[in-house]
file my_file-v1.txt (compact mmCIF, C-alpha atoms and all ligand atoms)
# COMPACT_ATOMS: atom_id res chain seq x y z
CA MET O 1303 0.00 0.00 0.00
CA LYS O 1304 1.17 3.50 -0.74
CA GLU O 1305 2.53 5.33 2.31
CA ASN O 1306 0.46 8.40 3.23
CA LYS O 1307 2.34 11.66 3.14
CA ALA O 1308 2.37 14.06 6.10
CA ARG O 1309 0.49 17.20 5.13
CA LEU O 1310 -0.15 20.53 6.75
CA TYR O 1311 -3.87 21.39 6.74
CA VAL O 1312 -5.02 24.95 7.28
CA ILE O 1313 -8.69 25.23 8.09
CA THR O 1314 -10.47 28.57 8.46
CA GLY O 1315 -14.10 29.06 9.24
CA PRO O 1316 -15.76 32.16 10.61
CA SER O 1317 -16.73 32.16 14.24
CA GLY O 1318 -20.09 30.42 14.69
CA VAL O 1319 -19.87 28.52 11.40
CA GLY O 1320 -20.02 25.24 13.30
CA LYS O 1321 -16.55 24.11 12.27
CA GLY O 1322 -15.90 22.77 15.78
CA THR O 1323 -18.62 20.15 15.35
CA VAL O 1324 -17.39 19.17 11.88
CA LEU O 1325 -13.80 18.93 13.09
CA ASN O 1326 -14.69 16.88 16.18
CA LYS O 1327 -16.34 14.35 13.93
CA PHE O 1328 -13.38 14.39 11.58
CA PHE O 1329 -10.92 13.74 14.40
CA GLU O 1330 -13.05 10.92 15.84
CA HIS O 1331 -12.72 9.19 12.48
CA ASN O 1332 -9.05 9.86 11.86
CA LYS O 1333 -7.52 10.16 15.30
CA ASP O 1334 -4.55 7.87 14.69
CA ASN O 1335 -3.38 9.62 11.56
CA ILE O 1336 -3.76 13.34 11.98
CA ILE O 1337 -3.08 15.73 14.82
CA TYR O 1338 -4.84 18.90 15.92
CA SER O 1339 -2.45 21.72 16.71
CA ILE O 1340 -3.48 23.30 20.03
CA SER O 1341 -3.02 27.05 19.78
CA ALA O 1342 -2.08 29.55 22.44
CA THR O 1343 -4.51 32.38 23.14
CA THR O 1344 -4.96 35.30 25.50
CA ARG O 1345 -8.74 35.06 25.49
CA ALA O 1346 -10.50 33.73 28.59
CA PRO O 1347 -11.59 30.07 28.54
CA ARG O 1348 -15.30 29.40 27.87
CA PRO O 1349 -17.10 27.29 30.50
CA GLN O 1350 -16.38 23.87 28.95
CA GLU O 1351 -12.88 24.65 27.75
CA LYS O 1352 -9.74 23.22 29.30
CA ASP O 1353 -6.20 24.49 29.28
CA GLY O 1354 -3.99 22.29 27.14
CA VAL O 1355 -7.01 20.69 25.42
CA ASN O 1356 -8.82 23.47 23.57
CA TYR O 1357 -6.07 26.06 23.86
CA PHE O 1358 -3.07 26.97 25.96
CA PHE O 1359 -4.57 29.91 27.81
CA ILE O 1360 -1.79 32.38 28.52
CA THR O 1361 -1.44 36.04 29.48
CA LYS O 1362 -0.79 38.88 27.08
CA GLU O 1363 2.72 39.27 28.56
CA GLU O 1364 3.51 35.59 28.03
CA PHE O 1365 2.16 35.74 24.50
CA GLU O 1366 4.25 38.80 23.63
CA ARG O 1367 7.35 37.12 25.07
CA GLU O 1368 6.70 34.07 22.87
CA ILE O 1369 6.31 36.32 19.83
CA GLU O 1370 9.72 37.87 20.61
CA ASN O 1371 11.27 34.44 21.07
CA GLY O 1372 10.01 33.40 17.64
CA ASP O 1373 7.97 30.55 19.12
CA PHE O 1374 5.03 30.96 16.73
CA LEU O 1375 4.68 29.60 13.22
CA GLU O 1376 2.06 32.33 12.82
CA TRP O 1377 0.03 34.49 15.14
CA ALA O 1378 -2.75 37.06 14.79
CA LYS O 1379 -4.84 39.46 16.77
CA TYR O 1380 -8.51 38.57 16.45
CA SER O 1381 -11.36 40.28 18.24
CA ASP O 1382 -8.98 41.94 20.79
CA ASN O 1383 -7.09 38.76 21.65
CA TYR O 1384 -3.93 37.09 20.46
CA TYR O 1385 -3.98 33.62 18.90
CA GLY O 1386 -0.89 31.70 17.78
CA THR O 1387 0.36 28.35 16.49
CA LYS O 1388 3.29 26.70 18.29
CA LYS O 1389 6.04 26.28 15.72
CA SER O 1390 8.02 23.52 17.50
CA PHE O 1391 4.95 21.30 17.87
CA VAL O 1392 3.89 21.52 14.23
CA LEU O 1393 7.39 20.99 12.83
CA LYS O 1394 7.95 18.01 15.14
CA CYS O 1395 4.73 16.31 13.94
CA LEU O 1396 5.58 16.89 10.28
CA ASN O 1397 9.14 15.63 10.80
CA GLU O 1398 7.71 12.49 12.37
CA GLY O 1399 5.55 11.98 9.28
CA LYS O 1400 2.25 12.97 10.92
CA SER O 1401 -0.25 15.33 9.32
CA VAL O 1402 -1.34 18.36 11.31
CA VAL O 1403 -4.46 20.53 11.27
CA LEU O 1404 -4.23 24.23 12.06
CA GLU O 1405 -7.66 25.64 12.79
CA ILE O 1406 -6.86 29.32 12.43
CA GLU O 1407 -8.40 32.58 11.26
CA ALA O 1408 -7.74 34.14 7.87
CA GLN O 1409 -4.82 36.52 8.62
CA GLY O 1410 -2.74 33.73 10.16
CA ALA O 1411 -3.82 31.30 7.45
CA LYS O 1412 -2.56 33.70 4.80
CA LYS O 1413 0.89 33.77 6.43
CA VAL O 1414 1.00 29.97 6.57
CA MET O 1415 -0.06 29.68 2.91
CA GLU O 1416 2.75 32.05 1.93
CA LYS O 1417 5.34 30.14 3.98
CA TYR O 1418 4.08 26.67 3.03
CA PRO O 1419 2.46 26.91 -0.40
CA GLU O 1420 2.11 23.12 -0.47
CA CYS O 1421 -0.27 23.18 2.52
CA VAL O 1422 -3.88 22.06 2.06
CA SER O 1423 -6.08 25.08 2.71
CA ILE O 1424 -9.78 24.65 3.42
CA PHE O 1425 -12.36 27.35 4.08
CA ILE O 1426 -15.58 26.38 5.84
CA THR O 1427 -18.30 28.86 5.08
CA PRO O 1428 -21.80 29.35 6.52
CA PRO O 1429 -24.80 28.91 4.19
CA ASP O 1430 -25.60 32.60 4.80
CA LEU O 1431 -24.76 35.43 7.17
CA ASP O 1432 -28.15 35.53 8.93
CA GLU O 1433 -27.81 31.89 9.85
CA LEU O 1434 -24.33 32.56 11.19
CA GLU O 1435 -25.50 35.48 13.33
CA LYS O 1436 -28.25 33.26 14.73
CA ARG O 1437 -25.72 30.56 15.64
CA LEU O 1438 -23.34 33.06 17.24
CA ARG O 1439 -26.11 34.50 19.40
CA GLY O 1440 -27.56 31.08 20.14
CA ARG O 1441 -24.45 29.77 21.81
CA LYS O 1442 -24.60 32.63 24.34
CA THR O 1443 -20.88 32.64 25.04
CA GLU O 1444 -20.08 36.17 23.85
CA THR O 1445 -21.15 39.67 24.87
CA GLU O 1446 -22.98 41.86 22.33
CA ASP O 1447 -19.78 43.82 21.73
CA ALA O 1448 -17.83 40.61 21.09
CA ILE O 1449 -20.58 39.35 18.75
CA GLN O 1450 -20.42 42.59 16.72
CA LYS O 1451 -16.61 42.34 16.47
CA ARG O 1452 -16.89 38.73 15.35
CA LEU O 1453 -19.48 39.58 12.70
CA GLU O 1454 -17.15 42.27 11.32
CA ALA O 1455 -14.31 39.76 11.27
CA VAL O 1456 -16.54 37.25 9.48
CA LYS O 1457 -17.23 39.71 6.65
CA ARG O 1458 -13.50 40.30 6.21
CA GLU O 1459 -12.81 36.57 6.36
CA LEU O 1460 -15.41 35.66 3.74
CA GLU O 1461 -13.51 37.85 1.29
CA GLU O 1462 -10.43 35.69 1.85
CA SER O 1463 -12.23 32.44 1.07
CA LYS O 1464 -11.24 32.65 -2.62
CA ASN O 1465 -7.58 32.15 -1.70
CA TYR O 1466 -8.19 28.67 -0.31
CA LYS O 1467 -7.81 25.44 -2.24
CA TYR O 1468 -11.13 24.00 -1.04
CA LEU O 1469 -14.42 25.53 0.06
CA ILE O 1470 -16.93 23.65 2.19
CA VAL O 1471 -20.41 25.08 2.80
CA ASN O 1472 -21.51 23.98 6.25
CA ASP O 1473 -25.23 23.63 5.79
CA LYS O 1474 -25.55 20.16 7.32
CA VAL O 1475 -22.82 18.84 9.62
CA ASP O 1476 -22.79 15.34 8.11
CA GLU O 1477 -22.41 16.64 4.58
CA ALA O 1478 -19.66 19.07 5.58
CA PHE O 1479 -17.88 16.24 7.39
CA ASN O 1480 -18.14 13.98 4.32
CA GLN O 1481 -16.62 16.65 2.13
CA LEU O 1482 -13.78 17.19 4.57
CA GLN O 1483 -13.16 13.46 4.77
CA GLN O 1484 -13.03 13.20 0.98
CA ILE O 1485 -10.55 16.06 0.76
CA TYR O 1486 -8.39 14.40 3.42
CA GLU O 1487 -8.42 11.02 1.67
CA LYS O 1488 -7.62 12.58 -1.67
CA GLU O 1489 -4.79 14.74 -0.33
CA SER O 1490 -3.31 11.90 1.74
CA ALA O 1491 -3.04 9.79 -1.37
CA LEU O 1492 -1.34 12.47 -3.52
P1 LIG V 1501 -12.37 31.32 19.23
O1 LIG V 1501 -12.14 32.47 20.16
O2 LIG V 1501 -13.78 31.30 18.70
O3 LIG V 1501 -11.93 30.01 19.82
O4 LIG V 1501 -11.42 31.56 17.97
C1 LIG V 1501 -11.48 32.75 17.24
C2 LIG V 1501 -10.76 32.59 15.93
O5 LIG V 1501 -9.36 32.39 16.16
C3 LIG V 1501 -11.23 31.35 15.14
O6 LIG V 1501 -11.38 31.76 13.79
C4 LIG V 1501 -10.09 30.38 15.29
O7 LIG V 1501 -9.98 29.52 14.17
C5 LIG V 1501 -8.91 31.33 15.35
N1 LIG V 1501 -7.69 30.74 15.91
C6 LIG V 1501 -7.58 29.78 16.84
N2 LIG V 1501 -6.29 29.50 17.06
C7 LIG V 1501 -5.56 30.28 16.23
C8 LIG V 1501 -4.16 30.43 15.96
O8 LIG V 1501 -3.29 29.78 16.53
N3 LIG V 1501 -3.80 31.36 15.04
C9 LIG V 1501 -4.72 32.11 14.37
N4 LIG V 1501 -4.25 32.97 13.48
N5 LIG V 1501 -6.03 31.99 14.58
C10 LIG V 1501 -6.46 31.09 15.50

call {"tool": "encode", "arguments": {"input": "my_file-v1.txt", "output": "structure tokens", "more": "lines below"}}
Ligand code: 5GP
result
Amino acid sequence: MKENKARLYVITGPSGVGKGTVLNKFFEHNKDNIIYSISATTRAPRPQEKDGVNYFFITKEEFEREIENGDFLEWAKYSDNYYGTKKSFVLKCLNEGKSVVLEIEAQGAKKVMEKYPECVSIFITPPDLDELEKRLRGRKTETEDAIQKRLEAVKRELEESKNYKYLIVNDKVDEAFNQLQQIYEKESAL
């Protein structure tokens, strides 16, 4: 059988697009073969989130020190908080022949695509903006101000979607998952 090649996946999806659900399903199916890169962030954990599982929750000072040390493969400021990908972790996985998924917003994704043009970039888009706003409000995890900032960011991000190799419309979770799975199988075999 042909050996699968380690690939770097960059997945962007506006806040509230439901990409978390799609990705959870994807990782349940592929957990032995592909690794989720846990980012660092300065935002506060949401009720169900755990340090070292969803994110490494760190202070602004720690984050800025890590930027200076060159610890990030990419980082970005999003909705008043810093988010960044740990360079050493990602490079170690790829060197060991394991594929990695970066679930990151569009500014950071752009930097990764420039640095690693061979990466597999995927944009997950909502069926429409009204639906997205409904989902963002429905999860009741953000203040009104944060929701407004996120909606602004979404509009900017949707403009970037054309720069990605693949586009998935997340209308139904199962269908979005199937599309992601097909992309993964196709890219792994290339
Ligand atoms: P949330 O606060 O909803 O968890 O994430 C907000 C946005 O930051 C999402 O679009 C998410 O994909 C993105 N994000 C998470 N980690 C990183 C990262 O390491 N780098 C960048 N650039 N964006 C990230």

call {"tool": "residues_near_ligand", "arguments": {"input": "my_file-v1.txt", "ligand": "ligand LIG 1501 (chain V)", "cutoff": "6 Å", "atoms": "all atoms listed in the file", "output": "list in words"}}
result
Thr1314, Gly1315, Pro1316, Ser1317, Ser1341, Trp1377, Ala1378, Tyr1385, Gly1386, Thr1387, Glu1405, Ile1406, Glu1407 and Gly1410 of chain O

call {"tool": "atom_distance", "arguments": {"input": "my_file-v1.txt", "atom1": "atom CA of Asp1476 of chain O", "atom2": "atom CA of Val1324 of chain O"}}
result
7.6 Å

call {"tool": "atom_distance", "arguments": {"input": "my_file-v1.txt", "atom1": "atom CA of Val1392 of chain O", "atom2": "atom CA of Lys1412 of chain O"}}
result
16.7 Å

call {"tool": "closest_residue", "arguments": {"input": "my_file-v1.txt", "among": "O:Arg1458, O:Lys1400, O:Lys1389, O:Arg1452", "to": "Lys1307 of chain O", "atoms": "all atoms listed in the file"}}
result
O:Lys1400

call {"tool": "residues_around", "arguments": {"input": "my_file-v1.txt", "residues": "Val1456 of chain O", "least_positions_apart": "2", "cutoff": "12 Å", "atoms": "only C-alpha atoms", "output": "ChimeraX atom specification"}}
result
/O:1314-1319,1380-1381,1407-1409,1426-1428,1430-1432,1434-1435,1438,1449-1454,1458-1463

call {"tool": "atom_distance", "arguments": {"input": "my_file-v1.txt", "atom1": "atom CA of Glu1416 of chain O", "atom2": "atom CA of Gln1483 of chain O"}}
result
24.6 Å

call {"tool": "closest_residue", "arguments": {"input": "my_file-v1.txt", "among": "O:Phe1359, O:Phe1365, O:Tyr1311, O:Tyr1418", "to": "Leu1404 of chain O", "atoms": "only C-alpha atoms"}}
result
O:Tyr1311

call {"tool": "closest_residue", "arguments": {"input": "my_file-v1.txt", "among": "O:Arg1437, O:Glu1446, O:Thr1323, O:Leu1375", "to": "Lys1413 of chain O", "atoms": "only C-alpha atoms"}}
result
O:Leu1375

call {"tool": "residues_around", "arguments": {"input": "my_file-v1.txt", "residues": "Gly1399 of chain O", "least_positions_apart": "6", "cutoff": "10 Å", "atoms": "all atoms listed in the file", "output": "JSON, numbers by chain"}}
result
{"O": [1306, 1307, 1308, 1309, 1335, 1336, 1393]}
